[in-house]
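Written out below as structure tokens is the structure these notes cover.
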Amino acid sequence: MNKHTILIIVCLLSVLPVAAQRPNAYFKVSDMPNAVDYLPAPPDSASMCFAYDTAQYQWGKRQRATPRGKQAKDDADYGIYRMATIFSPAVGVTISPNTTPELWKLLRDATYTAGLGCDIAKAHYFRPRPYMYYNEPTLVPGDEEVLRHNGSYPSGHTTLGWTTALLLVEICPENENEILRIGYEYGQSRVIAGYHWQSDVTAGRLVASSCFARLHTSKAFLKQMKKAQKEYLKVRKSK
């Protein structure tokens with residue numbers, strides 16, 4: 001990358017809203033709960049848990065030609081923009097860098113930090129994904145090659161979705177049931193798509209919950225949470 005290209009990137013970043021720029025972690029990976037220590041290992045192929053994983057994989061394949069399959073395909077999109085799309089109706093405001101910059105910053109940085117809670121376990125177990133195990137196509141073929149090199153356990157998508165749900169319940173508790181339903185279904189979409197075993201998804205929710213608790217020990221996180229709550233109430237009242 002030459003100096004001219006670097007200068008252009010710096011200039012572009014300087015005019016972006018702060019909330020739209022790259023995330024900042026509240027903790028380092030080494031400071032987050034280590035899933036290798038508190039979660040069981042992925043199910044052995046001879047176990048009843050793996051039999052359930054297998055049954056859920058078959059269930060997921062049956063959903064692919066249905067409207068639920070379309071949702072699962074859309075949910076393959078990973079990141080805060082997908083979170084904003086699926087959760088905005090439930091909280092009653094449009095989540096974006098422009099309309100809710102403080103909430104956006106909270107979600108961006110908190111979900112990024114929670115995602116770090118998956119990294120050690122993913123690398124430690126490096127569990128093959130269902131489509132690799134069965135040598136079958138997924139619902140989203142374009143992601144297959146890249147994700148062959150990323151462990152299946154725990155599910156990072158699920159950690160993202162469930163962390164987002166927990167954060168938004170704290171912001172908008174009156175709509176908690178719908179918010180949690182969306183977060184739950186985002187994880188199940190990974191089973192339908194063929195990218196995760198059910199036990200990966202369940203583990204992802206546990207990782208999200210443990211990381212959510214850890215986030216509440218950060219003064220910076222708590223400060224940003226208050227800003228986001230205040231902003232949310234103001235935006236909601238103005239509608």
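Going by the structure tokens order, chains are called A, B, ..., each with residues numbered from 1, while ligands are numbered from 1 in the order shown.
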
Could you please write out, as number ranges by chain, every residue of stretch 41-219 of chain A that DSSP assigns to alpha helix (DSSP H)? A: 48-63, 67-74, 80-91, 101-125, 130-134, 144-147, 156-171, 176-193, 198-215, 219

Spatial neighbours of A:Asp200, 8 Å, only C-alpha atoms, chain gap at least 6 places, as a list in words: Pro42, Ser152, Tyr153, Pro154 and Ser155 of chain A

Could you dump the residues just selected with C-alpha atoms as a PDB file, in the first residue's frame?
```pdb
ATOM      1  CA  PRO A  42     -17.718 -30.523  21.611  1.00  0.00           C
ATOM      2  CA  SER A 152     -17.155 -24.502  14.360  1.00  0.00           C
ATOM      3  CA  TYR A 153     -17.309 -24.521  18.182  1.00  0.00           C
ATOM      4  CA  PRO A 154     -18.599 -22.174  19.570  1.00  0.00           C
ATOM      5  CA  SER A 155     -20.640 -20.319  16.951  1.00  0.00           C
TER       6      SER A 155
END
```

Selection near stretch 89-106 of chain A, 8 Å with only C-alpha atoms, sequence-local residues under 6 positions removed, as an MDAnalysis selection string: chainID A and resid 17:20 23 81 168 172 175 178:179 221 224:225 227:229 231:232 235:236

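In this comparison, which uses only C-alpha atoms, the residue of A:Gly194, A:Gly161, A:Gly156, A:Pro43 approaching A:Ile182 most closely is A:Gly161.
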
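Between atom CA of A:Cys49 and atom CA of A:Val146 the interatomic distance comes to 27.0 Å.
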
Residues of stretch 105-134 of chain A that have any atom at most 10 Å from an atom of stretch 67-79 of chain A: could you tabulate them with the shortest-distance atom pair and the distance in Å to one decimal, using only C-alpha atoms, ordered by chain and increasing number, as a tab-separated table?
```
residue	atom	partner	partner_atom	distance
A:Arg108	CA	A:Gly79	CA	8.6
A:Thr111	CA	A:Gly79	CA	8.9
A:Tyr112	CA	A:Gly79	CA	9.0
```
